[in-house]
Amino acid sequence: MNKKLLLSLVSVPLSGWAGFGQTGGNDRPNIIMFLVDDMGWQDTSVPFWERRTASNDKFETPNMERLAEQGMKFTQAYACSISSPSRCSFISGMNAARHRVTNWTYPKNQSTDLESDILQLPEWNVNGVCQVPGIERTCQVTSLAQLLKDNGYHTIHCGKAHFGALNTPGENPCHMGFEVNIAGHAGGAATTYLSERNYGNRTDGKPNPWFAVPGLEQYWGKDVFLSEALTLEAEKALDKAREYRQPFFLYMSHYAVHIPIDKDGRFYQKYIDKGLTPKEAAYASLVEGMDKSLGDLMDYLEKYDMADNTIILFMSDNGGLSSAPEWRDGVLHTQNAPLNSGKGSAYEGGIREPMIVKWPGVTVAGSSCDKPLIIEDFYPSILEMAGIKKYKTVQHVDGVSFVPLLKGTGDPSEGRRFYWNYPNIWGNTGPGIGPTAAIRDGDWKLVYYYENGVKELFNIQEDIGEKHNKTSEHPRLVKKLSKELGRYLRTVDAQRPSFKLTGQPCPWPDEI
C-alpha cells in the first residue's frame, strides 16, 4: 500500500470537491455501492476464474475491466441465491438464516413460494426488513444507510430496492435511511426497460402491473433505456451532493440484468453481428448497458476531481438465471459455466458473484483476492471504510469486515465457515434448487436437501463445477460438517420445512 498516498487521501483536501464529514476534521471517502441484479459470475469480459471462458469472450464490459485494472478483483465472493435475501443481508449485516427473509418479497403478508405436495414451508418473513418495531412478518434492523446518514453521510438510493413488501415501512428506501430515493420501491424487477412502454406504467387510468418502475416520468417515450435513465438521475443526485460538502453514499442498485430480456438498442446489433442468437444478444446488450452506467459514473468522478476520494464496490445479488425455466420458452440466455446451475441454487452458480473493489490509495491496482467472503460482510466493511468505528444496532451483525483483505493486513476468512439456508421453493428447476441448507468450510462444501435428507460433499478447489459428490469417500467429514451446519441453524433460530403427511419438521442435517 502507498502510505504517502493514503495519508494524503485522509488529510489533505483534493482539488475541486471532496467529501466532508460532520465529525472530526478529516475528509472521509465517498462510497458508491454498485449492485447488479441476477448477474452471473461469468456474464462479463472480466475473468473471475483462473482462466478465460467462452462467456468472457461473449460479453463486452470494458468498464468492469477498467475498474478491475484500478482495483481488487474477488474471485470467491458469495451472496444468497435469491434477490431479497441478499439485499436484506446487505442492508442489515445479517445472515439470511437469521433475518428469515429467505425468498423474494412483494405482496404484503403473502408467500411467493410455489406449492409442494410433500412439504409445508415455514412462515418466513414475507414482508422483508424494516427499521420499525412490531411490523408483522418482518425483521427489525438498523440499516447500513441509517448508520451512514447518522454519521454525516448524504445517502442516495438509485434503482431497485426490494427490502420490504408493499405497504410496509421497508418498501420505501427513505424509511431505510436514504435521504434520496430514485425509482426504488417494493418491486423486485422492472416490468420493462423500455421508455416507449413507460417502464411499465399505464397512462389510461388503469392499475399498473406488478413491477412498474416509479418516478421516471420525464423519460417516458423518450427512447431512454432504463439503465441509462437511472444513471442520468444518479448524476443529478451527485450534482446536488457536491453542493452539500459532506461525503456521500450512493447505492447504485440496477434493475439490470434481471428479466425481462429487453434489448438495449445501443448495443444489440453488435452482438447479432458476433453471431449470438437474438435472446443472447439482447441479454448481452443489457449487460453492456449496465457496464456503461458504471463507466459513466467513473467518468463523472474524474470530471469533478472526486475519483481519488471515492470508493467503488461492485457486486451482484445472486447467480445468473441459467436454471430451467418451466413457464418461459426454455431457451437460456446465459450460462454460469464452469459453475453448476444458477439463480435459486445452492450450487456455486447460484451464489458465487462477480465482485470488484477500488479504494484509491488502499487497494493495489490490478490485484486479485481468492479469499471467500459473503454479502453480509459489506455492512461492517463499508462502515469501517467510512471511519465509523462505534455503532449500535437492534440486530446481531453476522458480517465480518473484509477491509483487511483490501489493505493486505490479514485474512478474516481464515478458519471461518459460511452458511446458507433456503427452506423455500422458488420458481425454477435445476441442480441444487429446492429447500436446502449449505455450509462451506475451507475447500469443502456440504449441501443438504430438506425434502429427502440427501447430502452432497464437494471439494470446491478441485471441483469448482460440483460434479463429483465425495460423501462416500469422506463420511467423517460429512458428519462433522453436518454437525456444524445443524448447530449454526439452531443457534440463529433458522427455519425449516415440515412434512405435510406427519406435520413433523424436516430433520436438521445432523439428525440424519
# chains A, B, ... in the order shown; residues from 1 in each chain; ligands from 1
>>> select_by_dssp(residues="range 326-469 of chain A", states="strand (DSSP E or B)", output="compact mmCIF listing (two decimals) with N, CA and C atoms, in the first residue's frame")
# COMPACT_ATOMS: atom_id res chain seq x y z
N SER A 345 -30.17 -21.73 -6.77
CA SER A 345 -29.49 -22.98 -6.45
C SER A 345 -28.47 -22.80 -5.34
N ARG A 352 -22.21 -17.65 -6.23
CA ARG A 352 -20.90 -17.01 -6.43
C ARG A 352 -21.05 -15.85 -7.40
N GLU A 353 -20.48 -14.69 -7.02
CA GLU A 353 -20.77 -13.44 -7.75
C GLU A 353 -19.50 -12.73 -8.21
N PRO A 354 -19.61 -11.92 -9.27
CA PRO A 354 -18.51 -11.03 -9.66
C PRO A 354 -18.40 -9.88 -8.67
N MET A 355 -17.22 -9.62 -8.17
CA MET A 355 -17.02 -8.55 -7.19
C MET A 355 -15.68 -7.85 -7.45
N ILE A 356 -15.71 -6.52 -7.41
CA ILE A 356 -14.51 -5.70 -7.57
C ILE A 356 -14.60 -4.54 -6.57
N VAL A 357 -13.48 -4.18 -5.97
CA VAL A 357 -13.43 -3.02 -5.08
C VAL A 357 -12.25 -2.14 -5.48
N LYS A 358 -12.53 -0.87 -5.66
CA LYS A 358 -11.49 0.14 -5.88
C LYS A 358 -11.51 1.11 -4.71
N SER A 367 -5.04 -6.00 -8.79
CA SER A 367 -4.82 -7.14 -7.90
C SER A 367 -6.04 -8.05 -7.85
N SER A 368 -5.85 -9.23 -7.29
CA SER A 368 -6.91 -10.22 -7.20
C SER A 368 -6.83 -10.91 -5.85
N CYS A 369 -7.99 -11.25 -5.30
CA CYS A 369 -8.06 -11.92 -4.00
C CYS A 369 -8.91 -13.17 -4.13
N LEU A 373 -15.72 -14.45 0.91
CA LEU A 373 -16.49 -13.55 1.75
C LEU A 373 -17.95 -13.68 1.32
N ILE A 374 -18.86 -13.03 2.03
CA ILE A 374 -20.29 -13.19 1.76
C ILE A 374 -20.99 -11.85 1.89
N ARG A 417 -16.38 -20.32 8.68
CA ARG A 417 -17.33 -21.11 7.91
C ARG A 417 -18.42 -20.18 7.35
N PHE A 418 -18.96 -20.54 6.21
CA PHE A 418 -20.01 -19.76 5.55
C PHE A 418 -21.28 -20.61 5.45
N TYR A 419 -22.44 -19.95 5.63
CA TYR A 419 -23.70 -20.70 5.75
C TYR A 419 -24.78 -20.12 4.83
N TRP A 420 -25.62 -21.03 4.33
CA TRP A 420 -26.80 -20.65 3.56
C TRP A 420 -27.99 -21.49 4.03
N ASN A 421 -29.15 -20.86 4.08
CA ASN A 421 -30.38 -21.60 4.39
C ASN A 421 -31.49 -21.11 3.50
N TYR A 422 -32.06 -22.02 2.73
CA TYR A 422 -33.14 -21.68 1.81
C TYR A 422 -34.25 -22.73 1.95
N THR A 429 -36.51 -24.93 -11.88
CA THR A 429 -36.00 -26.25 -11.55
C THR A 429 -34.56 -26.36 -12.03
N ILE A 433 -31.52 -26.84 -6.70
CA ILE A 433 -32.67 -25.97 -6.43
C ILE A 433 -33.70 -26.72 -5.61
N THR A 436 -33.00 -26.15 0.74
CA THR A 436 -31.65 -26.62 1.01
C THR A 436 -31.01 -25.81 2.13
N ALA A 437 -29.96 -26.36 2.69
CA ALA A 437 -29.03 -25.64 3.55
C ALA A 437 -27.63 -26.04 3.11
N ALA A 438 -26.67 -25.17 3.34
CA ALA A 438 -25.32 -25.46 2.89
C ALA A 438 -24.30 -24.82 3.82
N ILE A 439 -23.12 -25.40 3.84
CA ILE A 439 -22.01 -24.87 4.61
C ILE A 439 -20.73 -24.99 3.78
N ARG A 440 -19.90 -23.96 3.84
CA ARG A 440 -18.57 -24.04 3.24
C ARG A 440 -17.54 -23.88 4.35
N ASP A 441 -16.59 -24.80 4.42
CA ASP A 441 -15.52 -24.80 5.41
C ASP A 441 -14.22 -25.09 4.67
N TRP A 444 -14.04 -27.28 1.38
CA TRP A 444 -15.14 -28.24 1.36
C TRP A 444 -16.50 -27.56 1.50
N LYS A 445 -17.47 -28.09 0.80
CA LYS A 445 -18.84 -27.57 0.84
C LYS A 445 -19.83 -28.73 0.93
N LEU A 446 -20.75 -28.61 1.88
CA LEU A 446 -21.80 -29.61 2.06
C LEU A 446 -23.14 -28.99 1.72
N VAL A 447 -23.90 -29.65 0.87
CA VAL A 447 -25.26 -29.23 0.53
C VAL A 447 -26.24 -30.27 1.08
N TYR A 448 -27.26 -29.80 1.78
CA TYR A 448 -28.25 -30.67 2.41
C TYR A 448 -29.64 -30.35 1.87
N TYR A 449 -30.38 -31.39 1.49
CA TYR A 449 -31.73 -31.24 0.94
C TYR A 449 -32.75 -31.63 2.01
N LYS A 455 -27.40 -35.62 1.12
CA LYS A 455 -26.27 -34.72 1.34
C LYS A 455 -25.27 -34.89 0.21
N GLU A 456 -24.66 -33.77 -0.17
CA GLU A 456 -23.62 -33.79 -1.19
C GLU A 456 -22.41 -33.06 -0.66
N LEU A 457 -21.24 -33.61 -0.91
CA LEU A 457 -19.99 -33.03 -0.45
C LEU A 457 -19.09 -32.78 -1.64
N PHE A 458 -18.59 -31.55 -1.74
CA PHE A 458 -17.73 -31.17 -2.86
C PHE A 458 -16.47 -30.50 -2.36
N ASN A 459 -15.37 -30.76 -3.04
CA ASN A 459 -14.15 -30.01 -2.83
C ASN A 459 -14.12 -28.91 -3.88
>>> select_by_dssp(residues="range 148-297 of chain A", states="alpha helix (DSSP H)", output="PyMOL selection string")
chain A and resi 148-150+226-244+268-273+278-297
>>> closest_residue(among="A:Pro85, A:Gly319, A:Pro423, A:Gly93", to="Leu383 in chain A", atoms="only C-alpha atoms")
A:Gly93
>>> closest_residue(among="A:Met33, A:Glu235, A:Met39, A:Met315", to="Asp299 in chain A", atoms="only C-alpha atoms")
A:Glu235
>>> residues_around(residues="Glu451 in chain A", least_positions_apart="6", cutoff="12 Å", atoms="only C-alpha atoms", output="PyMOL selection string")
chain A and resi 116-121+422-425+433-437+496-500+504-509+512
>>> atom_distance(atom1="CA of Val287 in chain A", atom2="CA of Ala307 in chain A")
23.7 Å
>>> closest_residue(among="A:Ser195, A:Thr61, A:Asn151, A:Ser143", to="His175 in chain A", atoms="only C-alpha atoms")
A:Ser143
>>> residues_around(residues="Leu67 in chain A", least_positions_apart="2", cutoff="10 Å", atoms="only C-alpha atoms", output="list in words")
Val46, Pro62, Asn63, Met64, Glu65, Glu69, Gln70, Gly71, Met72, Lys73, Leu294, Gly295, Met298, Ile312, Leu313, Phe314, Ile356, Val357, Lys358, Ala365 and Gly366 of chain A
>>> residues_around(residues="Ile182 in chain A", least_positions_apart="5", cutoff="8 Å", atoms="only C-alpha atoms", output="PyMOL selection string")
chain A and resi 156-159+215+230+233-234
>>> atom_distance(atom1="CA of Arg87 in chain A", atom2="CA of Gly134 in chain A")
21.0 Å
>>> residues_around(residues="Gly320 in chain A", least_positions_apart="6", cutoff="9 Å", atoms="only C-alpha atoms", output="list in words")
Asp37, Asp38, Met39, Gly40, Trp41, Gln42, Asp43, Val257, His258, Thr334, Gln335, Asn336, Ser341, Gly342, Lys343, Gly349, Gly350 and Glu353 of chain A
>>> write_last_selection(atoms="N, CA, C and O atoms", output="compact mmCIF listing (two decimals), in the first residue's frame")
# COMPACT_ATOMS: atom_id res chain seq x y z
N ASP A 37 -28.32 -6.87 -10.59
CA ASP A 37 -29.35 -7.86 -10.28
C ASP A 37 -29.22 -9.07 -11.20
O ASP A 37 -29.25 -8.93 -12.43
N ASP A 38 -29.05 -10.25 -10.62
CA ASP A 38 -29.03 -11.52 -11.37
C ASP A 38 -27.83 -11.67 -12.29
O ASP A 38 -27.89 -12.43 -13.26
N MET A 39 -26.75 -10.97 -12.03
CA MET A 39 -25.59 -11.08 -12.91
C MET A 39 -24.74 -12.27 -12.51
O MET A 39 -24.23 -12.35 -11.39
N GLY A 40 -24.56 -13.20 -13.43
CA GLY A 40 -23.76 -14.38 -13.17
C GLY A 40 -22.27 -14.07 -13.12
O GLY A 40 -21.79 -13.05 -13.62
N TRP A 41 -21.55 -15.00 -12.51
CA TRP A 41 -20.11 -14.89 -12.29
C TRP A 41 -19.34 -14.74 -13.59
O TRP A 41 -18.25 -14.16 -13.62
N GLN A 42 -19.90 -15.23 -14.70
CA GLN A 42 -19.20 -15.21 -15.98
C GLN A 42 -19.87 -14.30 -17.02
O GLN A 42 -19.49 -14.31 -18.18
N ASP A 43 -20.84 -13.50 -16.60
CA ASP A 43 -21.54 -12.61 -17.52
C ASP A 43 -20.76 -11.32 -17.75
O ASP A 43 -21.30 -10.21 -17.67
N VAL A 257 -29.38 -7.02 -14.41
CA VAL A 257 -29.71 -7.59 -15.69
C VAL A 257 -30.83 -8.63 -15.56
O VAL A 257 -30.87 -9.63 -16.28
N HIS A 258 -31.72 -8.38 -14.61
CA HIS A 258 -32.89 -9.22 -14.35
C HIS A 258 -33.80 -9.25 -15.58
O HIS A 258 -33.83 -8.29 -16.35
N THR A 334 -28.10 -17.25 -20.76
CA THR A 334 -26.77 -17.16 -20.17
C THR A 334 -26.41 -18.49 -19.55
O THR A 334 -27.27 -19.33 -19.28
N GLN A 335 -25.12 -18.68 -19.32
CA GLN A 335 -24.60 -19.86 -18.64
C GLN A 335 -23.59 -19.40 -17.59
O GLN A 335 -22.90 -18.40 -17.78
N ASN A 336 -23.49 -20.15 -16.51
CA ASN A 336 -22.54 -19.81 -15.46
C ASN A 336 -21.30 -20.71 -15.48
O ASN A 336 -20.50 -20.67 -14.54
N SER A 341 -25.34 -24.92 -12.30
CA SER A 341 -26.67 -24.36 -12.07
C SER A 341 -26.64 -22.83 -12.04
O SER A 341 -25.76 -22.21 -12.65
N GLY A 342 -27.62 -22.21 -11.36
CA GLY A 342 -27.73 -20.76 -11.39
C GLY A 342 -28.67 -20.26 -10.32
O GLY A 342 -28.85 -20.89 -9.27
N LYS A 343 -29.28 -19.13 -10.55
CA LYS A 343 -30.14 -18.46 -9.58
C LYS A 343 -31.09 -19.46 -8.91
O LYS A 343 -31.69 -20.30 -9.56
N GLY A 349 -23.12 -21.82 -8.94
CA GLY A 349 -23.74 -20.98 -9.95
C GLY A 349 -24.85 -20.10 -9.42
O GLY A 349 -25.20 -19.08 -10.03
N GLY A 350 -25.40 -20.45 -8.28
CA GLY A 350 -26.47 -19.65 -7.69
C GLY A 350 -25.99 -18.62 -6.70
O GLY A 350 -26.70 -17.65 -6.42
N GLU A 353 -20.48 -14.69 -7.02
CA GLU A 353 -20.77 -13.44 -7.75
C GLU A 353 -19.50 -12.73 -8.21
O GLU A 353 -18.44 -12.84 -7.59
>>> residues_around(residues="Gly184 in chain A", least_positions_apart="2", cutoff="9 Å", atoms="only C-alpha atoms", output="list in words")
His157, Cys158, Gly159, Lys160, Ala161, His162, Glu171, Asn172, Pro173, Asn181, Ile182, Ala186, Gly187, Val213, Pro214, Gly215 and Ser253 of chain A
>>> closest_residue(among="A:Val364, A:Ile32, A:Ala68, A:Cys88", to="Leu301 in chain A", atoms="only C-alpha atoms")
A:Ile32
>>> closest_residue(among="A:Tyr244, A:Tyr450, A:Tyr193, A:Tyr106", to="Pro260 in chain A", atoms="only C-alpha atoms")
A:Tyr193
>>> atom_distance(atom1="CA of Val101 in chain A", atom2="CA of Pro169 in chain A")
15.0 Å
